[in-house]
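The next block holds one structure in the form of C-alpha cells; read it before the comments.
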Amino acid sequence: MAVETEVLNELHRLRARVPQLTGALAASTDGLVLAQDMPDVQPEGLAALTAAALGVGRRMVDLSVGGEFCELLVRGAGGCLATYAAGPSAVLTLVAGDRVNVGRLHLEGRRSGARIGALMATRTTGERSRGGGKSPGRPPASSGPGALPVRIPPQSRPRP
C-alpha cells in the first residue's frame with residue numbers, strides 16, 4: 001500500500017475518533033498536500049498557509065521558549081485550527097468546530113502526527129534504499145517521531 005494511502009487512512013480514522021473535526025490535512029513542510037479529508041476547505045491553499053504558519057511558529061519557538069516546534073493552535077469564533085509536527089518532513093493540520101474538546105484534539109492530533117511522521121520516515125527510507133544510499137542535501141532527522149528539524153537563523157545564534 002502506498003504511503004499516501006496509509007496517511008489518508010490515518011486521517012479518516014482520526015476524523016472518526018474526533019467527530020467535531022471538519023477537516024484533516026497532511027502536508028509537506030514545503031506546503032504540498034500529501035493527503036486530505038476536507039470537504040469544505042480548499043486543501044492546496046490551507047497547505048500553503050500551514051507551511052507559512054509552520055515557519056512563523058518555528059521562529060517564535062526559537063526566539064522564546066527554545067527547543068523544537070511541536071504544535072500551533074489558532075482559535076476563531078467558529079472553531080479552531082491545530083497544526084502538529086509530523087516528523088521532519090510533514091505537518092498535520094486539523095480544522096474543528098467551536099464545540100471541540102481541545103484536550104482531546106491535542107491528544108489525538110499528537111498521536112496521528114507521530115503516526116504520519118513514522119509513515120513518512122518509511123517512505124524516505126524506502127527511497128534511500130532504492131536510490132542506493134543517503135540522499136544528498138537531506139537534513140538529518142530530529143529526535144522523536146513527531147519532531148521537526150530546528151533551523152536557527154544566523155541572527156539568533158549565540159555569539160562567542
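Residues in the C-alpha cells are numbered from 1 in each chain, the chains being A, B, ... in the order shown, and ligands are numbered from 1 in the order shown.
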
### Message
as a ChimeraX atom specification, please: the residues near Leu72 in chain A (cut-off 7 Å, only C-alpha atoms, same-chain neighbours under 3 positions excluded).
### Response
/A:57,82-84

### Task
Pick out each residue of range 4-64 of chain A that DSSP on the backbone tags as helix (DSSP H, G or I); I need them as an MDAnalysis selection string.
chainID A and resid 4:17 43:63

### Query
Any idea what's packed within 10 Å of Leu54 in chain A, counting only C-alpha atoms, ignoring anything in its chain fewer than 4 positions away? Could you give it as a ChimeraX atom specification?
/A:29-31,48-50,58-60,69-72,83-85,91,148

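Shortest separation to Glu10 in chain A among A:Ile116, A:Val33, A:Val100, A:Ala121 occurs at residue A:Ile116, atoms counted being only C-alpha atoms.
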
### Query
With distances taken over only C-alpha atoms, which of A:Ser112, A:Ser28, A:Asn101, A:Ser64 is nearest to Ala52 in chain A?
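Among the listed residues, A:Ser28 lies closest to Ala52 in chain A.
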
### Residues of range 20-113 of chain A in strand (DSSP E), written as a PyMOL selection string
chain A and resi 21-28+33-37+71-76+79-85+90-97

### Task
Work out how far CA of Leu105 in chain A is from CA of Asn9 in chain A, in Å to one decimal.
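Value for the CA of Asn9 in chain A-CA of Leu105 in chain A distance: 17.8 Å.
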
### Summary
Expressed in Å, the length from CA of Val74 in chain A to CA of Val102 in chain A is 11.1 Å

### Message
I'd like the neighbourhood of Val41 in chain A as a list of chain:residue names, where a residue qualifies if any of its atoms comes within 12 Å (using only C-alpha atoms), though same-chain residues fewer than 6 positions away should be ignored.
### Response
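Surrounding residues, per the criterion: A:Thr22, A:Gly23, A:Ala24, A:Leu25, A:Ala47, A:Leu81, A:Thr93, A:Leu94, A:Val95, A:Ala96.
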
Would you export the selected residues with all heavy atoms as a compact mmCIF listing (two decimals), in the first residue's frame, please?
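Result file is again-v7.txt:
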```txt
# COMPACT_ATOMS: atom_id res chain seq x y z
N THR A 22 -13.86 18.97 11.25
CA THR A 22 -14.49 19.23 9.96
C THR A 22 -13.52 19.02 8.82
O THR A 22 -13.91 19.05 7.66
CB THR A 22 -15.06 20.66 9.90
OG1 THR A 22 -14.01 21.59 10.15
CG2 THR A 22 -16.16 20.84 10.94
N GLY A 23 -12.24 18.80 9.15
CA GLY A 23 -11.26 18.54 8.12
C GLY A 23 -9.92 18.14 8.70
O GLY A 23 -9.59 18.49 9.84
N ALA A 24 -9.16 17.39 7.92
CA ALA A 24 -7.82 16.96 8.31
C ALA A 24 -6.94 16.99 7.06
O ALA A 24 -7.38 16.59 5.98
CB ALA A 24 -7.86 15.56 8.91
N LEU A 25 -5.72 17.46 7.24
CA LEU A 25 -4.81 17.64 6.12
C LEU A 25 -3.40 17.25 6.54
O LEU A 25 -2.94 17.68 7.60
CB LEU A 25 -4.82 19.11 5.68
CG LEU A 25 -3.74 19.58 4.73
CD1 LEU A 25 -4.12 19.23 3.30
CD2 LEU A 25 -3.54 21.08 4.86
N ALA A 47 -2.73 24.11 2.83
CA ALA A 47 -1.39 23.52 2.93
C ALA A 47 -0.32 24.60 2.81
O ALA A 47 0.66 24.60 3.55
CB ALA A 47 -1.19 22.44 1.87
N LEU A 81 -8.18 25.72 14.54
CA LEU A 81 -7.31 25.05 13.59
C LEU A 81 -6.05 24.69 14.37
O LEU A 81 -5.48 25.55 15.05
CB LEU A 81 -6.98 26.00 12.44
CG LEU A 81 -6.09 25.42 11.37
CD1 LEU A 81 -6.70 25.69 10.01
CD2 LEU A 81 -4.72 26.02 11.46
N THR A 93 -2.57 19.22 9.91
CA THR A 93 -3.44 20.34 10.26
C THR A 93 -4.86 19.83 10.39
O THR A 93 -5.36 19.14 9.51
CB THR A 93 -3.36 21.46 9.19
OG1 THR A 93 -2.03 21.98 9.20
CG2 THR A 93 -4.32 22.58 9.51
N LEU A 94 -5.50 20.20 11.50
CA LEU A 94 -6.87 19.79 11.79
C LEU A 94 -7.75 21.01 11.94
O LEU A 94 -7.37 21.99 12.57
CB LEU A 94 -6.91 18.98 13.09
CG LEU A 94 -5.97 17.77 13.17
CD1 LEU A 94 -6.05 17.12 14.54
CD2 LEU A 94 -6.29 16.78 12.07
N VAL A 95 -8.94 20.94 11.36
CA VAL A 95 -9.93 22.00 11.47
C VAL A 95 -11.10 21.43 12.26
O VAL A 95 -11.60 20.35 11.94
CB VAL A 95 -10.40 22.48 10.08
CG1 VAL A 95 -11.43 23.59 10.21
CG2 VAL A 95 -9.23 22.93 9.23
N ALA A 96 -11.52 22.16 13.32
CA ALA A 96 -12.58 21.65 14.19
C ALA A 96 -13.60 22.74 14.50
O ALA A 96 -13.28 23.93 14.45
CB ALA A 96 -11.97 21.13 15.49
```

### Message
What's the separation between CA of Glu4 in chain A and CA of Val56 in chain A, in Å to one decimal place?
### Response
26.5 Å

### Message
Just checking: using only C-alpha atoms, which residue out of A:Val3, A:Leu8, A:Leu73, A:Ala90 ends up closest to Ala114 in chain A?
### Response
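With only C-alpha atoms as the atom set, the closest residue is A:Ala90.
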
#### Entry: Residues within 9 Å of Ala118 in chain A, only C-alpha atoms, excluding chain neighbours under 2 positions, as a list in words
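These residues fall inside the cut-off: Ala86, Gly87, Gly113, Ala114, Arg115, Ile116, Met120, Ala121, Thr122, Arg123, Pro145 and Gly146 of chain A.
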
Save out the residues we just selected, all heavy atoms, as an mmCIF file, in the first residue's frame.
```cif
data_model
loop_
_atom_site.group_PDB
_atom_site.id
_atom_site.type_symbol
_atom_site.label_atom_id
_atom_site.label_comp_id
_atom_site.auth_asym_id
_atom_site.auth_seq_id
_atom_site.Cartn_x
_atom_site.Cartn_y
_atom_site.Cartn_z
ATOM 1 N N ALA A 86 4.748 16.398 12.252
ATOM 2 C CA ALA A 86 4.582 15.001 11.831
ATOM 3 C C ALA A 86 5.895 14.532 11.224
ATOM 4 O O ALA A 86 5.996 14.305 10.027
ATOM 5 C CB ALA A 86 3.430 14.864 10.848
ATOM 6 N N GLY A 87 6.910 14.432 12.052
ATOM 7 C CA GLY A 87 8.227 14.067 11.580
ATOM 8 C C GLY A 87 8.942 15.269 10.992
ATOM 9 O O GLY A 87 8.440 16.390 11.036
ATOM 10 N N GLY A 113 -0.088 12.728 14.353
ATOM 11 C CA GLY A 113 1.124 13.360 13.835
ATOM 12 C C GLY A 113 2.320 12.422 13.933
ATOM 13 O O GLY A 113 3.119 12.313 13.000
ATOM 14 N N ALA A 114 2.435 11.729 15.072
ATOM 15 C CA ALA A 114 3.528 10.771 15.241
ATOM 16 C C ALA A 114 3.409 9.615 14.250
ATOM 17 O O ALA A 114 4.402 9.184 13.656
ATOM 18 C CB ALA A 114 3.545 10.243 16.676
ATOM 19 N N ARG A 115 2.187 9.120 14.038
ATOM 20 C CA ARG A 115 1.988 8.018 13.077
ATOM 21 C C ARG A 115 2.330 8.465 11.654
ATOM 22 O O ARG A 115 2.971 7.734 10.896
ATOM 23 C CB ARG A 115 0.548 7.518 13.135
ATOM 24 C CG ARG A 115 0.245 6.701 14.357
ATOM 25 C CD ARG A 115 -1.152 6.094 14.275
ATOM 26 N NE ARG A 115 -1.553 5.625 15.579
ATOM 27 C CZ ARG A 115 -2.518 6.144 16.315
ATOM 28 N NH1 ARG A 115 -3.240 7.154 15.861
ATOM 29 N NH2 ARG A 115 -2.811 5.665 17.488
ATOM 30 N N ILE A 116 1.876 9.651 11.293
ATOM 31 C CA ILE A 116 2.150 10.162 9.944
ATOM 32 C C ILE A 116 3.644 10.385 9.777
ATOM 33 O O ILE A 116 4.216 10.063 8.732
ATOM 34 C CB ILE A 116 1.326 11.434 9.672
ATOM 35 C CG1 ILE A 116 -0.158 11.065 9.551
ATOM 36 C CG2 ILE A 116 1.819 12.149 8.416
ATOM 37 C CD1 ILE A 116 -1.094 12.248 9.557
ATOM 38 N N MET A 120 5.930 8.638 6.939
ATOM 39 C CA MET A 120 6.774 9.416 6.027
ATOM 40 C C MET A 120 8.233 8.975 6.140
ATOM 41 O O MET A 120 8.956 8.975 5.151
ATOM 42 C CB MET A 120 6.644 10.910 6.311
ATOM 43 C CG MET A 120 5.245 11.455 6.049
ATOM 44 S SD MET A 120 4.632 11.115 4.394
ATOM 45 C CE MET A 120 5.747 12.113 3.441
ATOM 46 N N ALA A 121 8.659 8.577 7.328
ATOM 47 C CA ALA A 121 10.029 8.081 7.507
ATOM 48 C C ALA A 121 10.235 6.787 6.741
ATOM 49 O O ALA A 121 11.303 6.570 6.161
ATOM 50 C CB ALA A 121 10.334 7.885 8.987
ATOM 51 N N THR A 122 9.217 5.914 6.713
ATOM 52 C CA THR A 122 9.357 4.673 5.957
ATOM 53 C C THR A 122 9.435 4.973 4.468
ATOM 54 O O THR A 122 10.156 4.308 3.736
ATOM 55 C CB THR A 122 8.197 3.689 6.217
ATOM 56 O OG1 THR A 122 6.967 4.288 5.830
ATOM 57 C CG2 THR A 122 8.144 3.277 7.667
ATOM 58 N N ARG A 123 8.711 5.998 4.023
ATOM 59 C CA ARG A 123 8.786 6.392 2.613
ATOM 60 C C ARG A 123 10.176 6.902 2.283
ATOM 61 O O ARG A 123 10.767 6.510 1.271
ATOM 62 C CB ARG A 123 7.745 7.456 2.297
ATOM 63 C CG ARG A 123 7.807 7.925 0.859
ATOM 64 C CD ARG A 123 6.659 8.830 0.550
ATOM 65 N NE ARG A 123 7.138 10.171 0.384
ATOM 66 C CZ ARG A 123 6.396 11.155 -0.082
ATOM 67 N NH1 ARG A 123 5.139 10.960 -0.376
ATOM 68 N NH2 ARG A 123 6.893 12.337 -0.232
ATOM 69 N N PRO A 145 9.608 10.834 16.818
ATOM 70 C CA PRO A 145 8.842 10.707 15.584
ATOM 71 C C PRO A 145 7.981 11.918 15.250
ATOM 72 O O PRO A 145 7.590 12.094 14.127
ATOM 73 C CB PRO A 145 7.972 9.468 15.827
ATOM 74 C CG PRO A 145 7.846 9.394 17.312
ATOM 75 C CD PRO A 145 9.125 9.948 17.849
ATOM 76 N N GLY A 146 7.681 12.789 16.212
ATOM 77 C CA GLY A 146 6.817 13.926 15.936
ATOM 78 C C GLY A 146 7.556 15.238 15.906
ATOM 79 O O GLY A 146 6.966 16.297 16.039
#
```

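Nearest to Gly79 in chain A of all the residues A:Arg99, A:His106, A:Arg111, A:Arg15 is A:Arg99, based on only C-alpha atoms.
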